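*Asks:* You'll find final29.cif just under this line, and it carries mmCIF, C-alpha atoms.
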data_data
loop_
_atom_site.label_atom_id
_atom_site.label_comp_id
_atom_site.auth_asym_id
_atom_site.auth_seq_id
_atom_site.Cartn_x
_atom_site.Cartn_y
_atom_site.Cartn_z
CA MET A 1 -2.06 3.38 1.74
CA THR A 2 -2.53 7.09 2.31
CA PRO A 3 -5.94 8.53 3.28
CA THR A 4 -6.17 10.18 -0.15
CA GLU A 5 -5.43 6.89 -1.92
CA LEU A 6 -8.06 5.14 0.19
CA GLU A 7 -10.67 7.82 -0.57
CA THR A 8 -9.92 7.45 -4.30
CA LEU A 9 -10.07 3.66 -4.11
CA MET A 10 -13.43 3.67 -2.36
CA HIS A 11 -14.87 6.28 -4.72
CA ASP A 12 -13.69 4.26 -7.74
CA SER A 13 -14.95 1.00 -6.22
CA ALA A 14 -18.39 2.54 -5.69
CA ASN A 15 -18.45 3.55 -9.34
CA ASP A 16 -17.43 -0.02 -10.25
CA ALA A 17 -20.50 -1.26 -8.35
CA VAL A 18 -22.70 1.07 -10.40
CA ALA A 19 -21.16 -0.25 -13.63
CA VAL A 20 -21.39 -3.93 -12.63
CA ALA A 21 -25.04 -3.65 -11.52
CA LYS A 22 -25.91 -2.05 -14.86
CA GLU A 23 -23.89 -4.47 -17.02
CA GLU A 24 -24.83 -7.69 -15.23
CA PHE A 25 -28.46 -7.05 -14.32
CA GLY A 26 -29.61 -3.81 -15.98
CA ILE A 27 -30.02 -2.23 -12.53
CA THR A 28 -29.31 1.47 -12.09
CA LEU A 29 -27.67 2.50 -8.83
CA ASP A 30 -27.86 6.27 -8.30
CA PHE A 31 -26.38 6.88 -4.82
CA THR A 32 -29.79 7.49 -3.25
CA PRO A 33 -30.77 5.85 0.05
CA GLU A 34 -33.54 4.04 -1.83
CA SER A 35 -31.00 2.40 -4.13
CA LEU A 36 -29.61 0.36 -1.23
CA ALA A 37 -32.58 -2.00 -1.55
CA LEU A 38 -31.28 -2.72 -5.05
CA VAL A 39 -27.87 -3.62 -3.61
CA ASP A 40 -29.60 -6.29 -1.52
CA ASP A 41 -31.16 -7.62 -4.74
CA VAL A 42 -27.94 -7.46 -6.75
CA LEU A 43 -25.98 -9.47 -4.18
CA LEU A 44 -28.54 -12.28 -4.25
CA SER A 45 -28.76 -12.03 -8.04
CA PHE A 46 -25.05 -12.85 -8.24
CA LEU A 47 -25.79 -16.05 -6.31
CA ASP A 48 -28.63 -16.92 -8.68
CA LYS A 49 -26.64 -16.15 -11.83
CA TYR A 50 -23.23 -17.56 -10.92
CA ARG A 51 -24.07 -20.07 -8.18
CA ASP A 52 -20.87 -21.54 -6.72
CA LYS A 53 -18.60 -19.16 -8.64
CA ALA A 54 -20.13 -16.21 -6.76
CA LEU A 55 -18.92 -17.75 -3.51
CA GLU A 56 -15.29 -18.25 -4.55
CA ASP A 57 -12.97 -16.23 -2.32
CA ASN A 58 -11.89 -13.69 -4.95
CA ALA A 59 -15.45 -13.12 -6.17
CA VAL A 60 -16.81 -12.68 -2.64
CA PHE A 61 -14.00 -10.27 -1.75
CA THR A 62 -14.58 -8.18 -4.88
CA LEU A 63 -18.38 -8.13 -4.63
CA CYS A 64 -18.39 -7.23 -0.95
CA ASN A 65 -15.82 -4.51 -1.37
CA VAL A 66 -17.35 -2.76 -4.38
CA PHE A 67 -20.92 -2.90 -3.08
CA GLY A 68 -19.72 -2.03 0.43
CA ALA A 69 -17.92 0.96 -1.08
CA TYR A 70 -21.13 1.94 -2.88
CA ALA A 71 -23.16 1.79 0.34
CA GLY A 72 -20.50 3.75 2.22
CA GLU A 73 -20.15 6.39 -0.47
CA THR A 74 -23.94 6.79 -0.49
CA LEU A 75 -23.91 7.43 3.26
CA LYS A 76 -20.87 9.69 2.98
CA ARG A 77 -22.67 11.88 0.43
CA ARG A 78 -25.48 12.39 2.96
CA VAL A 79 -23.68 12.81 6.28
CA GLY A 80 -19.93 13.02 5.57
CA GLY A 81 -17.30 10.80 7.09
CA GLU A 82 -13.93 9.37 6.17
CA TRP A 83 -12.79 5.95 5.06
CA HIS A 84 -10.40 4.19 7.43
CA TYR A 85 -8.17 1.21 6.64
CA ASP A 86 -7.76 -0.95 9.72
CA ASN A 87 -4.86 -3.36 9.57
CA SER A 88 -4.60 -4.03 13.29
CA ASN A 89 -4.92 -7.69 12.30
CA PRO A 90 -2.57 -8.06 9.29
CA GLU A 91 -4.26 -11.36 8.39
CA ALA A 92 -7.64 -9.67 8.01
CA PRO A 93 -7.41 -5.96 7.23
CA TYR A 94 -10.68 -4.17 6.54
CA VAL A 95 -12.09 -0.79 5.61
CA VAL A 96 -14.77 1.11 7.53
CA LEU A 97 -16.49 4.43 7.03
CA GLU A 98 -16.06 6.55 10.13
CA VAL A 99 -18.73 9.15 10.81
CA ASP A 100 -18.39 11.15 13.99
CA SER A 101 -17.54 8.53 16.63
CA ARG A 102 -19.11 5.57 14.78
CA SER A 103 -17.65 3.10 12.29
CA TYR A 104 -19.61 1.29 9.59
CA ALA A 105 -18.36 -1.92 8.00
CA PHE A 106 -20.44 -1.97 4.83
CA ALA A 107 -18.31 -4.65 3.13
CA GLY A 108 -18.90 -6.86 6.17
CA ILE A 109 -22.66 -6.47 5.88
CA CYS A 110 -22.48 -7.34 2.18
CA TYR A 111 -20.47 -10.43 3.13
CA GLU A 112 -23.06 -11.48 5.71
CA ARG A 113 -25.86 -11.19 3.13
CA LEU A 114 -23.94 -12.92 0.35
CA VAL A 115 -22.36 -15.77 2.32
CA ASN A 116 -24.09 -16.35 5.65
CA ASP A 117 -27.67 -15.08 5.78
CA SER A 118 -29.74 -13.74 2.91
CA GLN A 119 -32.06 -12.12 5.47
CA VAL A 120 -29.34 -9.64 6.47
CA SER A 121 -30.10 -6.37 4.71
CA VAL A 122 -27.56 -3.83 3.49
CA LYS A 123 -30.45 -1.37 3.18
CA ALA A 124 -31.50 -1.85 6.82
CA TYR A 125 -27.90 -1.39 7.99
CA PHE A 126 -27.60 1.75 5.84
CA ASP A 127 -30.92 3.13 7.11
CA HIS A 128 -29.84 2.59 10.71
CA ALA A 129 -26.53 4.37 10.05
CA LEU A 130 -28.33 7.24 8.34
CA THR A 131 -30.69 7.76 11.28
CA GLN A 132 -27.70 7.98 13.64
CA HIS A 133 -26.44 11.10 11.87
CA GLN A 134 -29.50 13.03 10.78
CA HIS A 135 -29.92 16.18 12.78
#
Starting from the coordinates I provided, produce the structure as structure tokens.
*Replies:*
Amino acid sequence: MTPTELETLMHDSANDAVAVAKEEFGITLDFTPESLALVDDVLLSFLDKYRDKALEDNAVFTLCNVFGAYAGETLKRRVGGEWHYDNSNPEAPYVVLEVDSRSYAFAGICYERLVNDSQVSVKAYFDHALTQHQH
């Protein structure tokens, strides 16, 4: 995948997150830092609405990637950065947003909240990343 293809994929995935949040829950995501609190809510709402189906592998992968893309694109609009596809482990490739010398795995944080620990906050992770790059 070329860098341009990856940028397009992540941009489109972020827009998919906006559409899904609106269609499924009537929640408007607007690419503001404040909207990341809504992402936390949406992820748990999928668990409430779909129960076990939300935790099926394909659903988890899709949810984490589109909402991770949304969080990353929101940060990127504020501080810049580039998406990077890391396939150093072919069994588990992943995408991070690289800003300056730091990498942010937003899909991974979404996964943690959705699957492992509902106390993990995408908004808190985003806020921490944002403070690292505000001048």
*Asks:* Would you give me, as a Markdown table, each residue of range 98-123 of chain A having an atom within 12 Å of an atom of range 39-53 of chain A, along with its shortest atom pair and that distance in Å to one decimal, using only C-alpha atoms and sorting by chain and residue number?
*Replies:*
| residue | atom | partner | partner_atom | distance |
| --- | --- | --- | --- | --- |
| A:Phe106 | CA | A:Val39 | CA | 11.4 |
| A:Ala107 | CA | A:Leu43 | CA | 11.6 |
| A:Ile109 | CA | A:Asp40 | CA | 10.1 |
| A:Cys110 | CA | A:Leu43 | CA | 7.6 |
| A:Tyr111 | CA | A:Leu43 | CA | 9.2 |
| A:Glu112 | CA | A:Leu43 | CA | 10.5 |
| A:Arg113 | CA | A:Leu43 | CA | 7.5 |
| A:Leu114 | CA | A:Leu43 | CA | 6.0 |
| A:Val115 | CA | A:Leu47 | CA | 9.3 |
| A:Asn116 | CA | A:Leu44 | CA | 11.6 |
| A:Asp117 | CA | A:Leu44 | CA | 10.4 |
| A:Ser118 | CA | A:Leu44 | CA | 7.4 |
| A:Gln119 | CA | A:Asp40 | CA | 9.4 |
| A:Val120 | CA | A:Asp40 | CA | 8.7 |
| A:Ser121 | CA | A:Asp40 | CA | 6.3 |
| A:Val122 | CA | A:Asp40 | CA | 5.9 |
| A:Lys123 | CA | A:Asp40 | CA | 6.9 |
*Asks:* Within 8 Å of range 70-82 of chain A, counting all atoms listed in the file, which residues show up once you throw out same-chain ones fewer than 3 positions away? Write them as a VMD selection string, please.
*Replies:* chain A and resid 7 10 to 11 13 to 15 17 to 18 31 to 33 36 66 to 67 97 to 100 104 106 122 126 129 to 130 133 to 134
*Asks:* Given the choices A:Ala21, A:Leu29, A:Leu9, A:Ala124, which gets closest to Asn65 in chain A if the distance is worked out from all atoms listed in the file?
*Replies:*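 Residue with the minimum atom-to-atom distance to Asn65 in chain A: A:Leu9.
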*Asks:* Just how far from CA of Tyr125 in chain A is CA of Ser35 in chain A, in Å to one decimal?
*Replies:*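 One can read the CA of Ser35 in chain A to CA of Tyr125 in chain A distance as 13.1 Å.
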*Asks:* In Å, with one decimal, what is the gap from CA of Ala37 in chain A to CA of Asp86 in chain A?
*Replies:* 27.3 Å
*Asks:* What does the distance between CA of Thr8 in chain A and CA of Tyr85 in chain A come to in Å, to one decimal place?
*Replies:*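 Here the two named atoms are 12.7 Å from each other.
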*Asks:* Could you tell me which residues the PyMOL selection byres ((chain A and resi 84) around 6) returns for this structure, as a short mmCIF file (atom, residue, chain, number, x, y, z; two decimals) with C-alpha atoms, keeping the file's coordinate frame?
*Replies:*
data_model
loop_
_atom_site.label_atom_id
_atom_site.label_comp_id
_atom_site.auth_asym_id
_atom_site.auth_seq_id
_atom_site.Cartn_x
_atom_site.Cartn_y
_atom_site.Cartn_z
CA TRP A 83 -12.79 5.95 5.06
CA TYR A 85 -8.17 1.21 6.64
CA VAL A 95 -12.09 -0.79 5.61
CA VAL A 96 -14.77 1.11 7.53
#
*Asks:* Go through A:Gly68, A:Glu5, A:Leu63, A:Glu34 and flag the residue nearest Asp127 in chain A, using all atoms listed in the file for the distances.
*Replies:*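 Of the candidates, the smallest distance to Asp127 in chain A is held by A:Glu34.
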*Asks:* Since the input is missing atoms, can you rebuild N, CA and C atoms for range 74-86 of chain A and write them as a tab-separated table (two decimals), keeping the file's coordinate frame?
*Replies:*
chain	number	residue	atom	x	y	z
A	74	THR	N	-22.58	6.24	-0.54
A	74	THR	CA	-23.94	6.79	-0.49
A	74	THR	C	-24.18	7.47	0.85
A	75	LEU	N	-23.77	6.82	1.94
A	75	LEU	CA	-23.91	7.43	3.26
A	75	LEU	C	-23.04	8.67	3.38
A	76	LYS	N	-21.83	8.57	2.89
A	76	LYS	CA	-20.87	9.69	2.98
A	76	LYS	C	-21.41	10.93	2.27
A	77	ARG	N	-22.09	10.74	1.16
A	77	ARG	CA	-22.67	11.88	0.43
A	77	ARG	C	-23.77	12.56	1.24
A	78	ARG	N	-24.40	11.83	2.15
A	78	ARG	CA	-25.48	12.39	2.96
A	78	ARG	C	-24.97	13.03	4.25
A	79	VAL	N	-24.03	12.36	4.93
A	79	VAL	CA	-23.68	12.81	6.28
A	79	VAL	C	-22.18	13.05	6.48
A	80	GLY	N	-21.38	12.84	5.44
A	80	GLY	CA	-19.93	13.02	5.57
A	80	GLY	C	-19.27	11.76	6.09
A	81	GLY	N	-18.06	11.93	6.57
A	81	GLY	CA	-17.30	10.80	7.09
A	81	GLY	C	-16.02	10.59	6.30
A	82	GLU	N	-15.20	9.69	6.83
A	82	GLU	CA	-13.93	9.37	6.17
A	82	GLU	C	-13.72	7.87	6.19
A	83	TRP	N	-13.14	7.37	5.12
A	83	TRP	CA	-12.79	5.95	5.06
A	83	TRP	C	-11.55	5.71	5.92
A	84	HIS	N	-11.54	4.56	6.57
A	84	HIS	CA	-10.40	4.19	7.43
A	84	HIS	C	-10.01	2.75	7.13
A	85	TYR	N	-8.72	2.55	6.89
A	85	TYR	CA	-8.17	1.21	6.64
A	85	TYR	C	-7.61	0.70	7.95
A	86	ASP	N	-8.20	-0.38	8.45
A	86	ASP	CA	-7.76	-0.95	9.72
A	86	ASP	C	-6.97	-2.23	9.46
